[in-house]
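Raw contents of final.csv, CSV, C-alpha atoms and all ligand atoms:
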```
chain,number,residue,atom,x,y,z
A,1,MET,CA,16.4,-22.7,-62.2
A,2,LYS,CA,19.5,-20.9,-60.9
A,3,ASN,CA,22.8,-21.5,-62.3
A,4,PRO,CA,25.4,-21.3,-59.6
A,5,LYS,CA,28.5,-20.8,-61.7
A,6,PRO,CA,29.2,-20.1,-65.4
A,7,ILE,CA,28.9,-23.2,-67.6
A,8,ALA,CA,32.4,-24.3,-68.6
A,9,ARG,CA,31.6,-26.8,-71.3
A,10,HIS,CA,28.5,-26.7,-73.6
A,11,PHE,CA,26.9,-29.0,-76.1
A,12,ALA,CA,27.0,-26.6,-79.0
A,13,SER,CA,29.9,-28.2,-81.0
A,14,ASP,CA,33.0,-30.2,-80.6
A,15,ASN,CA,34.8,-27.3,-82.2
A,16,ASN,CA,34.0,-25.2,-79.0
A,17,ALA,CA,36.4,-27.4,-77.1
A,18,GLY,CA,40.0,-26.4,-76.5
A,19,ILE,CA,43.2,-28.1,-77.5
A,20,CYS,CA,43.8,-31.5,-76.1
A,21,PRO,CA,46.9,-32.0,-73.8
A,22,GLU,CA,48.7,-34.2,-76.3
A,23,ALA,CA,48.4,-31.6,-79.1
A,24,TRP,CA,49.3,-28.8,-76.7
A,25,ALA,CA,52.5,-30.6,-75.6
A,26,ALA,CA,53.5,-31.2,-79.2
A,27,LEU,CA,52.9,-27.5,-80.1
A,28,SER,CA,55.0,-26.4,-77.2
A,29,GLU,CA,57.8,-28.8,-78.3
A,30,ALA,CA,57.6,-27.5,-81.9
A,31,ASN,CA,57.9,-24.0,-80.6
A,32,ALA,CA,61.3,-24.6,-79.0
A,33,ASN,CA,63.5,-24.0,-82.1
A,34,HIS,CA,63.5,-22.8,-85.6
A,35,ALA,CA,62.2,-25.1,-88.3
A,36,VAL,CA,61.9,-25.0,-92.1
A,37,GLY,CA,58.7,-23.4,-93.3
A,38,TYR,CA,56.0,-24.6,-95.7
A,39,GLY,CA,56.0,-28.2,-94.5
A,40,GLY,CA,59.7,-28.9,-94.9
A,41,ASP,CA,60.0,-29.7,-91.2
A,42,ARG,CA,60.2,-32.9,-89.3
A,43,TRP,CA,56.8,-32.5,-87.6
A,44,THR,CA,55.1,-32.4,-91.0
A,45,ARG,CA,57.1,-35.5,-92.2
A,46,ARG,CA,56.1,-37.3,-89.0
A,47,ALA,CA,52.4,-36.4,-89.3
A,48,CYS,CA,52.3,-37.6,-92.9
A,49,ASP,CA,54.0,-40.9,-91.8
A,50,LEU,CA,51.7,-41.4,-88.9
A,51,ILE,CA,48.7,-40.9,-91.2
A,52,ARG,CA,50.1,-43.5,-93.6
A,53,GLU,CA,50.6,-45.8,-90.7
A,54,VAL,CA,47.0,-45.3,-89.6
A,55,PHE,CA,45.7,-46.2,-93.0
A,56,GLU,CA,48.3,-48.9,-93.7
A,57,MET,CA,48.8,-47.5,-97.1
A,58,ASP,CA,51.2,-45.2,-98.9
A,59,CYS,CA,48.8,-42.4,-99.4
A,60,ASP,CA,49.5,-38.8,-100.3
A,61,VAL,CA,48.8,-36.4,-97.4
A,62,TYR,CA,48.4,-32.6,-97.5
A,63,PHE,CA,47.4,-30.2,-94.7
A,64,VAL,CA,45.0,-27.3,-95.1
A,65,PHE,CA,43.6,-24.9,-92.5
A,66,ASN,CA,40.1,-26.2,-92.2
A,67,GLY,CA,37.5,-28.7,-93.3
A,68,SER,CA,35.8,-26.5,-95.9
A,69,ALA,CA,39.1,-26.1,-97.7
A,70,ALA,CA,39.8,-29.8,-97.4
A,71,ASN,CA,36.5,-30.7,-98.9
A,72,GLY,CA,36.5,-28.0,-101.6
A,73,LEU,CA,40.0,-28.7,-102.8
A,74,ALA,CA,39.5,-32.5,-102.6
A,75,LEU,CA,36.4,-32.3,-104.8
A,76,ALA,CA,38.2,-29.9,-107.1
A,77,SER,CA,40.8,-32.7,-107.6
A,78,LEU,CA,38.1,-35.1,-108.7
A,79,CYS,CA,35.9,-32.8,-110.8
A,80,GLN,CA,36.0,-30.6,-113.8
A,81,SER,CA,33.6,-27.7,-114.0
A,82,TYR,CA,31.1,-29.7,-116.0
A,83,HIS,CA,30.8,-32.5,-113.5
A,84,SER,CA,28.4,-33.2,-110.6
A,85,VAL,CA,28.8,-34.5,-107.1
A,86,LEU,CA,26.2,-36.6,-105.3
A,87,CYS,CA,25.8,-36.0,-101.6
A,88,HIS,CA,23.2,-36.1,-98.8
A,89,ARG,CA,21.0,-33.1,-98.5
A,90,VAL,CA,22.3,-32.3,-95.0
A,91,ALA,CA,25.9,-32.6,-96.2
A,92,HIS,CA,28.4,-30.0,-95.0
A,93,VAL,CA,29.7,-29.5,-98.6
A,94,GLU,CA,26.2,-28.4,-99.6
A,95,ASN,CA,25.0,-26.4,-96.5
A,96,ASP,CA,28.0,-25.1,-94.7
A,97,GLU,CA,30.8,-24.1,-97.1
A,98,CYS,CA,29.4,-21.1,-98.8
A,99,GLY,CA,29.6,-22.7,-102.2
A,100,GLY,CA,33.2,-23.6,-101.7
A,101,PRO,CA,33.1,-26.9,-103.6
A,102,GLU,CA,31.3,-25.2,-106.6
A,103,PHE,CA,33.9,-22.4,-106.5
A,104,PHE,CA,37.0,-24.6,-106.2
A,105,THR,CA,35.8,-27.0,-108.9
A,106,GLY,CA,35.0,-24.0,-111.2
A,107,GLY,CA,31.3,-24.8,-111.3
A,108,ALA,CA,30.6,-28.5,-110.6
A,109,LYS,CA,27.1,-29.1,-109.5
A,110,ILE,CA,26.3,-30.4,-106.1
A,111,ARG,CA,23.3,-32.7,-106.2
A,112,CYS,CA,21.5,-33.3,-102.9
A,113,LEU,CA,19.9,-36.7,-102.2
A,114,SER,CA,17.7,-38.0,-99.5
A,115,GLY,CA,18.3,-40.9,-97.1
A,116,ASP,CA,17.4,-41.9,-93.6
A,117,ASN,CA,19.6,-40.5,-90.7
A,118,GLY,CA,21.9,-38.6,-93.0
A,119,LYS,CA,23.1,-41.5,-95.0
A,120,LEU,CA,23.1,-42.3,-98.7
A,121,THR,CA,22.3,-45.7,-100.0
A,122,PRO,CA,23.3,-47.5,-103.2
A,123,LYS,CA,19.6,-47.3,-104.3
A,124,VAL,CA,19.3,-43.5,-104.0
A,125,ILE,CA,22.7,-43.1,-105.7
A,126,GLU,CA,21.8,-45.4,-108.6
A,127,GLU,CA,18.5,-43.5,-109.1
A,128,ALA,CA,20.3,-40.2,-109.1
A,129,ILE,CA,22.9,-41.4,-111.6
A,130,ALA,CA,20.1,-42.8,-113.9
A,131,ARG,CA,18.0,-39.7,-113.8
A,132,ARG,CA,20.3,-37.8,-116.2
A,133,THR,CA,23.1,-39.2,-118.3
A,134,ASP,CA,22.7,-36.9,-121.2
A,135,LEU,CA,24.9,-34.2,-122.5
A,136,HIS,CA,22.7,-31.4,-121.2
A,137,PHE,CA,23.2,-32.1,-117.6
A,138,PRO,CA,26.5,-32.1,-115.6
A,139,LYS,CA,28.1,-35.5,-115.8
A,140,THR,CA,28.0,-37.4,-112.5
A,141,ARG,CA,31.6,-37.8,-111.4
A,142,ALA,CA,31.8,-38.2,-107.6
A,143,ILE,CA,30.0,-39.2,-104.4
A,144,SER,CA,30.7,-37.3,-101.2
A,145,LEU,CA,29.9,-39.2,-98.0
A,146,THR,CA,30.2,-37.8,-94.5
A,147,GLN,CA,31.6,-40.1,-91.8
A,148,ALA,CA,30.4,-39.7,-89.1
A,149,THR,CA,27.4,-38.1,-90.7
A,150,GLU,CA,26.0,-34.6,-89.9
A,151,LEU,CA,23.2,-36.4,-88.0
A,152,GLY,CA,25.5,-38.3,-85.7
A,153,THR,CA,25.2,-41.7,-87.5
A,154,VAL,CA,27.9,-43.9,-88.9
A,155,TYR,CA,28.2,-45.8,-92.2
A,156,THR,CA,29.2,-49.4,-91.6
A,157,PRO,CA,32.1,-51.0,-93.6
A,158,ALA,CA,29.5,-53.0,-95.5
A,159,GLU,CA,27.4,-50.0,-96.3
A,160,LEU,CA,30.5,-48.2,-97.6
A,161,ARG,CA,31.6,-51.1,-99.6
A,162,ALA,CA,28.2,-51.3,-101.3
A,163,ILE,CA,28.4,-47.6,-102.2
A,164,GLY,CA,32.0,-48.1,-103.4
A,165,ARG,CA,30.8,-50.9,-105.7
A,166,VAL,CA,28.2,-48.5,-107.2
A,167,ALA,CA,30.9,-45.9,-107.7
A,168,ARG,CA,33.2,-48.3,-109.5
A,169,ARG,CA,30.4,-49.6,-111.7
A,170,HIS,CA,29.6,-46.1,-112.9
A,171,ASP,CA,33.2,-44.8,-112.9
A,172,LEU,CA,32.6,-42.4,-110.1
A,173,LYS,CA,35.1,-41.2,-107.5
A,174,VAL,CA,34.4,-41.4,-103.8
A,175,HIS,CA,35.2,-38.5,-101.4
A,176,MET,CA,34.7,-38.8,-97.7
A,177,ASP,CA,34.2,-35.8,-95.4
A,178,GLY,CA,35.8,-37.1,-92.3
A,179,ALA,CA,35.5,-34.1,-90.0
A,180,ARG,CA,34.5,-36.6,-87.4
A,181,PHE,CA,36.3,-39.6,-88.8
A,182,ALA,CA,37.8,-40.5,-85.5
A,183,ASN,CA,34.3,-40.6,-83.9
A,184,ALA,CA,33.1,-43.0,-86.6
A,185,LEU,CA,36.1,-45.2,-86.2
A,186,ALA,CA,35.8,-45.3,-82.5
A,187,SER,CA,32.2,-46.2,-82.8
A,188,LEU,CA,32.8,-49.0,-85.3
A,189,ASP,CA,36.0,-50.3,-83.7
A,190,VAL,CA,37.4,-51.4,-87.1
A,191,ALA,CA,40.6,-50.8,-89.0
A,192,PRO,CA,40.8,-47.3,-90.6
A,193,LYS,CA,41.4,-49.0,-94.0
A,194,SER,CA,38.2,-50.9,-93.8
A,195,ILE,CA,36.1,-47.7,-94.0
A,196,THR,CA,38.3,-45.9,-96.4
A,197,TRP,CA,40.4,-47.3,-99.3
A,198,GLN,CA,39.3,-50.9,-98.9
A,199,ALA,CA,35.7,-49.7,-99.2
A,200,GLY,CA,36.4,-47.6,-102.3
A,201,VAL,CA,37.1,-44.2,-100.8
A,202,ASP,CA,39.5,-42.3,-103.1
A,203,VAL,CA,40.1,-39.2,-101.0
A,204,LEU,CA,39.4,-38.4,-97.4
A,205,SER,CA,39.1,-35.0,-95.7
A,206,PHE,CA,40.6,-36.2,-92.4
A,207,GLY,CA,39.5,-33.9,-89.6
A,208,ALA,CA,41.3,-33.4,-86.3
A,209,THR,CA,40.0,-30.0,-85.2
A,210,LYS,CA,36.9,-31.4,-83.6
A,211,ASN,CA,39.1,-34.1,-82.0
A,212,GLY,CA,41.5,-31.8,-80.2
A,213,VAL,CA,44.0,-29.9,-82.5
A,214,PRO,CA,43.7,-26.1,-82.7
A,215,VAL,CA,43.5,-25.9,-86.5
A,216,GLY,CA,44.2,-27.9,-89.7
A,217,GLU,CA,42.7,-30.8,-91.5
A,218,ALA,CA,44.4,-33.3,-93.7
A,219,VAL,CA,43.5,-34.2,-97.3
A,220,VAL,CA,44.4,-37.9,-97.8
A,221,PHE,CA,44.6,-39.3,-101.3
A,222,PHE,CA,44.3,-43.1,-101.4
A,223,ASP,CA,44.2,-42.9,-105.2
A,224,ARG,CA,47.5,-41.1,-105.7
A,225,THR,CA,46.8,-40.3,-109.4
A,226,LEU,CA,44.2,-37.9,-108.1
A,227,SER,CA,46.6,-35.8,-106.1
A,228,GLN,CA,48.5,-34.6,-109.1
A,229,GLU,CA,49.5,-30.9,-108.6
A,230,PHE,CA,47.4,-30.7,-105.4
A,231,GLU,CA,50.1,-28.6,-103.7
A,232,TRP,CA,49.6,-25.9,-106.4
A,233,ARG,CA,45.9,-26.0,-106.0
A,234,ALA,CA,46.2,-25.7,-102.2
A,235,LYS,CA,48.8,-22.9,-102.4
A,236,GLN,CA,46.6,-20.9,-104.9
A,237,ALA,CA,43.7,-21.2,-102.5
A,238,GLY,CA,45.7,-19.7,-99.7
A,239,GLN,CA,45.9,-23.0,-97.9
A,240,LEU,CA,49.6,-23.5,-97.6
A,241,ALA,CA,50.7,-22.7,-94.1
A,242,SER,CA,54.0,-20.9,-93.8
A,243,LYS,CA,54.6,-22.1,-90.2
A,244,MET,CA,53.3,-25.5,-91.1
A,245,ARG,CA,54.7,-27.2,-88.0
A,246,PHE,CA,52.1,-25.5,-85.9
A,247,ILE,CA,49.5,-27.3,-87.9
A,248,THR,CA,51.2,-30.7,-88.0
A,249,ALA,CA,52.9,-30.9,-84.6
A,250,PRO,CA,49.4,-31.2,-82.9
A,251,TRP,CA,48.6,-33.9,-85.3
A,252,VAL,CA,51.7,-35.8,-84.2
A,253,GLY,CA,50.6,-35.3,-80.6
A,254,LEU,CA,47.1,-36.6,-81.4
A,255,LEU,CA,48.1,-39.6,-83.5
A,256,SER,CA,51.0,-40.8,-81.4
A,257,ASP,CA,50.0,-43.5,-79.0
A,258,GLY,CA,46.3,-43.5,-80.1
A,259,ALA,CA,45.2,-40.3,-78.3
A,260,TRP,CA,42.9,-39.5,-81.2
A,261,LEU,CA,40.9,-42.6,-80.8
A,262,ARG,CA,40.8,-42.3,-77.0
A,263,HIS,CA,39.4,-38.8,-77.3
A,264,ALA,CA,36.9,-39.8,-79.9
A,265,ALA,CA,35.8,-42.8,-77.9
A,266,HIS,CA,35.4,-40.6,-74.9
A,267,ALA,CA,33.2,-38.1,-76.8
A,268,ASN,CA,31.1,-41.0,-78.1
A,269,GLN,CA,30.8,-42.4,-74.6
A,270,MET,CA,29.6,-39.0,-73.3
A,271,ALA,CA,27.0,-38.8,-76.1
A,272,ARG,CA,25.8,-42.3,-75.2
A,273,ARG,CA,25.4,-41.3,-71.6
A,274,LEU,CA,23.5,-38.2,-72.6
A,275,ALA,CA,21.2,-40.2,-75.0
A,276,ASN,CA,20.5,-42.7,-72.2
A,277,ARG,CA,19.6,-39.9,-69.8
A,278,LEU,CA,17.4,-38.1,-72.3
A,279,ALA,CA,15.6,-41.3,-73.4
A,280,ARG,CA,14.3,-41.6,-69.8
A,281,ILE,CA,12.8,-38.1,-69.8
A,282,PRO,CA,9.0,-38.3,-70.5
A,283,GLY,CA,8.0,-36.6,-73.7
A,284,LEU,CA,11.4,-36.6,-75.3
A,285,ARG,CA,12.2,-38.4,-78.6
A,286,LEU,CA,15.6,-39.0,-80.1
A,287,LEU,CA,15.6,-38.0,-83.7
A,288,HIS,CA,18.4,-40.2,-84.9
A,289,PRO,CA,20.2,-43.2,-83.6
A,290,ARG,CA,23.1,-42.1,-81.4
A,291,GLN,CA,26.2,-43.7,-83.0
A,292,ALA,CA,28.9,-41.1,-82.6
A,293,ASN,CA,29.3,-38.0,-80.4
A,294,ALA,CA,26.0,-36.2,-81.2
A,295,VAL,CA,22.5,-36.6,-79.8
A,296,PHE,CA,19.6,-35.1,-81.7
A,297,VAL,CA,16.3,-34.6,-79.9
A,298,GLN,CA,13.1,-32.8,-80.5
A,299,LEU,CA,12.2,-30.2,-77.8
A,300,PRO,CA,9.3,-27.9,-77.2
A,301,GLN,CA,10.3,-24.4,-78.3
A,302,PRO,CA,9.8,-23.0,-74.7
A,303,VAL,CA,12.1,-25.6,-73.3
A,304,ILE,CA,14.8,-24.6,-75.9
A,305,GLU,CA,14.4,-21.0,-74.9
A,306,ALA,CA,14.6,-21.8,-71.2
A,307,LEU,CA,17.7,-23.9,-71.6
A,308,HIS,CA,19.4,-21.1,-73.5
A,309,LYS,CA,18.3,-18.7,-70.7
A,310,VAL,CA,19.9,-20.9,-68.1
A,311,GLY,CA,23.1,-20.6,-70.1
A,312,TRP,CA,23.4,-23.8,-72.1
A,313,HIS,CA,24.6,-23.3,-75.7
A,314,PHE,CA,23.4,-25.7,-78.4
A,315,TYR,CA,22.1,-25.4,-81.9
A,316,THR,CA,18.9,-26.3,-83.7
A,317,LEU,CA,20.2,-27.0,-87.2
A,318,THR,CA,17.8,-29.4,-89.0
A,319,GLY,CA,14.6,-27.8,-87.8
A,320,PRO,CA,13.5,-25.0,-85.3
A,321,CYS,CA,12.8,-27.6,-82.6
A,322,ASP,CA,15.4,-30.2,-83.4
A,323,ALA,CA,18.2,-29.7,-80.9
A,324,ARG,CA,21.7,-31.1,-81.5
A,325,PHE,CA,23.9,-31.8,-78.5
A,326,MET,CA,27.5,-32.4,-79.4
A,327,CYS,CA,30.0,-34.0,-77.0
A,328,ALA,CA,33.7,-33.3,-77.2
A,329,TRP,CA,37.0,-34.8,-76.1
A,330,ASP,CA,36.7,-32.8,-72.9
A,331,THR,CA,33.0,-33.3,-72.0
A,332,THR,CA,32.7,-34.8,-68.6
A,333,ALA,CA,30.1,-37.1,-67.1
A,334,GLU,CA,29.3,-34.3,-64.7
A,335,ASP,CA,28.6,-31.9,-67.6
A,336,VAL,CA,26.2,-34.5,-69.1
A,337,ASP,CA,24.5,-35.1,-65.8
A,338,ALA,CA,24.1,-31.4,-65.0
A,339,PHE,CA,22.7,-30.7,-68.4
A,340,ALA,CA,20.3,-33.7,-68.4
A,341,THR,CA,19.1,-32.7,-64.9
A,342,ASP,CA,18.3,-29.1,-66.1
A,343,LEU,CA,16.6,-30.5,-69.2
A,344,ALA,CA,14.5,-33.0,-67.2
A,345,ALA,CA,13.4,-30.2,-64.8
A,346,LEU,CA,12.4,-27.9,-67.7
A,347,MET,CA,10.5,-30.7,-69.5
A,348,ALA,CA,8.6,-31.4,-66.3
A,349,ARG,CA,7.5,-27.8,-66.2
A,350,ARG,CA,7.1,-27.3,-69.9
A,351,ASP,CA,3.4,-26.4,-69.7
A,352,GLN,CA,4.2,-23.5,-67.3
A,353,LEU,CA,7.0,-22.2,-69.5
A,354,LYS,CA,6.1,-19.0,-71.4
A,355,ALA,CA,6.1,-19.2,-75.2
A,356,PRO,CA,8.8,-16.8,-76.6
A,357,ARG,CA,7.6,-13.2,-77.1
A,358,GLY,CA,5.8,-12.7,-80.3
A,359,GLN,CA,5.0,-16.3,-80.7
A,360,THR,CA,1.7,-18.0,-79.8
A,361,ARG,CA,1.9,-21.2,-77.8
A,362,SER,CA,0.7,-23.3,-80.7
A,363,ARG,CA,3.2,-21.9,-83.2
A,364,ALA,CA,6.0,-22.3,-80.7
A,365,ALA,CA,5.0,-25.9,-80.1
A,366,LYS,CA,5.2,-26.9,-83.7
B,401,LIG,C1,33.0,-29.1,-88.9
B,401,LIG,C2,32.8,-29.8,-90.2
B,401,LIG,C3,33.5,-29.6,-91.3
B,401,LIG,C4,34.7,-28.6,-91.4
B,401,LIG,O1,34.2,-27.3,-91.2
B,401,LIG,P1,35.3,-26.1,-91.1
B,401,LIG,O2,34.6,-25.1,-90.3
B,401,LIG,O3,35.4,-25.6,-92.5
B,401,LIG,O4,36.5,-26.6,-90.6
B,401,LIG,C5,33.3,-30.4,-92.5
B,401,LIG,N1,32.3,-31.3,-92.5
B,401,LIG,C6,31.6,-31.5,-91.4
B,401,LIG,C7,30.5,-32.6,-91.5
B,401,LIG,C8,31.7,-30.8,-90.3
B,401,LIG,O5,31.0,-31.1,-89.2
```
Go ahead and express the file in the form of structure tokens.
Amino acid sequence: MKNPKPIARHFASDNNAGICPEAWAALSEANANHAVGYGGDRWTRRACDLIREVFEMDCDVYFVFNGSAANGLALASLCQSYHSVLCHRVAHVENDECGGPEFFTGGAKIRCLSGDNGKLTPKVIEEAIARRTDLHFPKTRAISLTQATELGTVYTPAELRAIGRVARRHDLKVHMDGARFANALASLDVAPKSITWQAGVDVLSFGATKNGVPVGEAVVFFDRTLSQEFEWRAKQAGQLASKMRFITAPWVGLLSDGAWLRHAAHANQMARRLANRLARIPGLRLLHPRQANAVFVQLPQPVIEALHKVGWHFYTLTGPCDARFMCAWDTTAEDVDAFATDLAALMARRDQLKAPRGQTRSRAAK
């Protein structure tokens, strides 16, 4: 299979995409004149106001550089060092933040739970709470949910409300990792409040990087008693931007006139197109329901190798043969079709494809 020209857009991650036009335009506007530093500028005020409008609530909003900082510092606002946080075993807070939540909380324990398709349920949470309530184990203090999940699925408002009720019953706080919050929202087509504070979420890591801004995530406190001294916590962690407007202006561009939801809906739509194409390829199996902008599929190892050789970038994160294809705000239908066509052709020839060097066919096919 020859590739005529370099591949412009891949399926590796939505953070591989560039800056969306709305964010770019706002950045350029913010660049025109001097503005006060450290968030005392009009862009930052506007971004905070827009977020309060989105959630229809007078929440406290802070901006940090990335999602790991948002999660770690949000959890640190909920937990003392002797607390524990319940999350799914595939959660970013556990797997992809280099112990940031433990570090920023000063030692809180992250407890990983199981659940189908990357989601926690009231049952698994109740069981985890009940397992240890004694003095010799870190006191359960918070639940961290990812929306959309790391496996491309989405919690419904009813599922979140049920978890929120468990949290209230046991006096736990609820954190939401919303690195792909927009994709979840676009998928559900509900009011933002219905999957956050109305469902019992106390603090949200609100992501925009994967939705088209260059850098910067928001920490949104719906329970404002929890945000006490957050600005000191963020500053000490090196998370207070001096030229803050270059973080917040793109947010203004993205949130004004609904661009954020259009981009997320588009990414979801491209993932739906890809899932439909892949479902028609004989021998392929989707690993999780496609509900947001990711498609997970199990592939034979030689096909993975061959796709990489053609030039397609993507990750196998949950297992060596579990491929993740992530669509972004700028993924086109042509990208999806070109990729699906290559994949279908390789699947048809999979028995002729050589196993990677050093691996026997049977090992590679596991
Ligand atoms: C991308 C992502 C984050 C944020 O990651 P950073 O690299 O720290 O910005 C957080 N949670 C999830 C689920 C993510 O996919």
Enumerate as a PDB file with C-alpha atoms, in the coordinates of the input the residues within 10 Å of ligand LIG 401 (chain B), counting all atoms listed in the file.
```
ATOM      1  CA  SER A  13      29.900 -28.200 -81.000  1.00  0.00           C
ATOM      2  CA  ASP A  14      33.000 -30.200 -80.600  1.00  0.00           C
ATOM      3  CA  ASN A  15      34.800 -27.300 -82.200  1.00  0.00           C
ATOM      4  CA  VAL A  64      45.000 -27.300 -95.100  1.00  0.00           C
ATOM      5  CA  PHE A  65      43.600 -24.900 -92.500  1.00  0.00           C
ATOM      6  CA  ASN A  66      40.100 -26.200 -92.200  1.00  0.00           C
ATOM      7  CA  GLY A  67      37.500 -28.700 -93.300  1.00  0.00           C
ATOM      8  CA  SER A  68      35.800 -26.500 -95.900  1.00  0.00           C
ATOM      9  CA  ALA A  69      39.100 -26.100 -97.700  1.00  0.00           C
ATOM     10  CA  ALA A  70      39.800 -29.800 -97.400  1.00  0.00           C
ATOM     11  CA  ASN A  71      36.500 -30.700 -98.900  1.00  0.00           C
ATOM     12  CA  GLY A  72      36.500 -28.000-101.600  1.00  0.00           C
ATOM     13  CA  VAL A  90      22.300 -32.300 -95.000  1.00  0.00           C
ATOM     14  CA  ALA A  91      25.900 -32.600 -96.200  1.00  0.00           C
ATOM     15  CA  HIS A  92      28.400 -30.000 -95.000  1.00  0.00           C
ATOM     16  CA  VAL A  93      29.700 -29.500 -98.600  1.00  0.00           C
ATOM     17  CA  GLU A  94      26.200 -28.400 -99.600  1.00  0.00           C
ATOM     18  CA  ASN A  95      25.000 -26.400 -96.500  1.00  0.00           C
ATOM     19  CA  ASP A  96      28.000 -25.100 -94.700  1.00  0.00           C
ATOM     20  CA  GLU A  97      30.800 -24.100 -97.100  1.00  0.00           C
ATOM     21  CA  CYS A  98      29.400 -21.100 -98.800  1.00  0.00           C
ATOM     22  CA  GLY A 100      33.200 -23.600-101.700  1.00  0.00           C
ATOM     23  CA  LEU A 145      29.900 -39.200 -98.000  1.00  0.00           C
ATOM     24  CA  THR A 146      30.200 -37.800 -94.500  1.00  0.00           C
ATOM     25  CA  GLN A 147      31.600 -40.100 -91.800  1.00  0.00           C
ATOM     26  CA  ALA A 148      30.400 -39.700 -89.100  1.00  0.00           C
ATOM     27  CA  THR A 149      27.400 -38.100 -90.700  1.00  0.00           C
ATOM     28  CA  GLU A 150      26.000 -34.600 -89.900  1.00  0.00           C
ATOM     29  CA  LEU A 151      23.200 -36.400 -88.000  1.00  0.00           C
ATOM     30  CA  GLY A 152      25.500 -38.300 -85.700  1.00  0.00           C
ATOM     31  CA  MET A 176      34.700 -38.800 -97.700  1.00  0.00           C
ATOM     32  CA  ASP A 177      34.200 -35.800 -95.400  1.00  0.00           C
ATOM     33  CA  GLY A 178      35.800 -37.100 -92.300  1.00  0.00           C
ATOM     34  CA  ALA A 179      35.500 -34.100 -90.000  1.00  0.00           C
ATOM     35  CA  ARG A 180      34.500 -36.600 -87.400  1.00  0.00           C
ATOM     36  CA  PHE A 181      36.300 -39.600 -88.800  1.00  0.00           C
ATOM     37  CA  SER A 205      39.100 -35.000 -95.700  1.00  0.00           C
ATOM     38  CA  PHE A 206      40.600 -36.200 -92.400  1.00  0.00           C
ATOM     39  CA  GLY A 207      39.500 -33.900 -89.600  1.00  0.00           C
ATOM     40  CA  ALA A 208      41.300 -33.400 -86.300  1.00  0.00           C
ATOM     41  CA  THR A 209      40.000 -30.000 -85.200  1.00  0.00           C
ATOM     42  CA  LYS A 210      36.900 -31.400 -83.600  1.00  0.00           C
ATOM     43  CA  VAL A 215      43.500 -25.900 -86.500  1.00  0.00           C
ATOM     44  CA  GLY A 216      44.200 -27.900 -89.700  1.00  0.00           C
ATOM     45  CA  GLU A 217      42.700 -30.800 -91.500  1.00  0.00           C
TER      46      GLU A 217
END
```
Of the candidates A:Pro300, A:Thr332, A:Val203, A:Phe55, which shows the shortest atom-to-atom distance to Gln352 in chain A, using all atoms listed in the file?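 Smallest distance to Gln352 in chain A is found for A:Pro300.
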Please tabulate, as a tab-separated table, the residues of range 8-100 of chain A that come within 9 Å of range 219-227 of chain A, each with its closest pair of atoms and the distance in Å to one decimal, counting all atoms listed in the file and ordering rows by chain, then residue number upward.
```
residue	atom	partner	partner_atom	distance
A:Ile51	CA	A:Val220	CA	8.4
A:Met57	CA	A:Phe222	CA	7.6
A:Asp58	CA	A:Phe222	CA	7.6
A:Cys59	CA	A:Phe222	CA	5.0
A:Asp60	CA	A:Phe221	CA	5.0
A:Val61	CA	A:Val220	CA	4.7
A:Tyr62	CA	A:Val219	CA	5.2
A:Phe63	CA	A:Val219	CA	6.2
A:Val64	CA	A:Val219	CA	7.4
A:Ala70	CA	A:Val219	CA	5.7
A:Asn71	CA	A:Val219	CA	8.0
A:Leu73	CA	A:Val219	CA	8.5
A:Ala74	CA	A:Val219	CA	6.9
A:Ser77	CA	A:Leu226	CA	6.2
A:Leu78	CA	A:Leu226	CA	6.7
```
What is the distance between CA of Ala241 in chain A and CA of Val201 in chain A, in Å to one decimal? 26.3 Å
CA of Pro192 in chain A and CA of Ser84 in chain A, how far apart in Å?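 Taking CA of Ser84 in chain A and CA of Pro192 in chain A, their separation equals 27.4 Å.
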For CA of Ala292 in chain A and CA of Asp330 in chain A, determine how far apart the two atoms are, in Å to one decimal place.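 That distance, rounded to one decimal, is 15.0 Å.
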If we count all atoms listed in the file and set the cut-off at 6 Å, which residues sit around Asn293 in chain A, ignoring sequence neighbours fewer than 2 positions away in its own chain? Please answer as an MDAnalysis selection string. chainID A and resid 267:268 271 326:327
Select all residues near (31.8, -41.5, -101.8) (cut-off 12 Å, inclusive, file coordinates), counting all atoms listed in the file, and output them as a PyMOL selection string. chain A and resi 74-75+78+85-88+119-122+125+141-147+155+159-168+171-178+195-197+199-205
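The residue that comes closest to Ala26 in chain A, out of A:Arg46, A:Lys109, A:Arg324, A:Arg169 and on the basis of only C-alpha atoms, is A:Arg46.
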Kindly provide, as a VMD selection string, the polymer residues lying within 10 Å of (25.9, -17.3, -70.9), counting only C-alpha atoms and using the coordinates exactly as they appear in the file. chain A and resid 6 to 8 308 to 313
Extract, using only C-alpha atoms, all DNA, RNA and protein residues at most 8 Å from Trp260 in chain A, discarding same-chain residues fewer than 6 positions from it, and format them as a PyMOL selection string. chain A and resi 182+211-212+254
Write out as a PDB file with C-alpha atoms, in the coordinates of the input each polymer residue whose atoms come within 9 Å of Val213 in chain A, counting all atoms listed in the file; drop sequence neighbours fewer than 6 positions from it.
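Saved result, result-v5.pdb, follows:
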```
ATOM      1  CA  GLY A  18      40.000 -26.400 -76.500  1.00  0.00           C
ATOM      2  CA  ILE A  19      43.200 -28.100 -77.500  1.00  0.00           C
ATOM      3  CA  CYS A  20      43.800 -31.500 -76.100  1.00  0.00           C
ATOM      4  CA  GLU A  22      48.700 -34.200 -76.300  1.00  0.00           C
ATOM      5  CA  ALA A  23      48.400 -31.600 -79.100  1.00  0.00           C
ATOM      6  CA  TRP A  24      49.300 -28.800 -76.700  1.00  0.00           C
ATOM      7  CA  ILE A 247      49.500 -27.300 -87.900  1.00  0.00           C
ATOM      8  CA  PRO A 250      49.400 -31.200 -82.900  1.00  0.00           C
ATOM      9  CA  TRP A 251      48.600 -33.900 -85.300  1.00  0.00           C
ATOM     10  CA  GLY A 253      50.600 -35.300 -80.600  1.00  0.00           C
ATOM     11  CA  LEU A 254      47.100 -36.600 -81.400  1.00  0.00           C
TER      12      LEU A 254
END
```
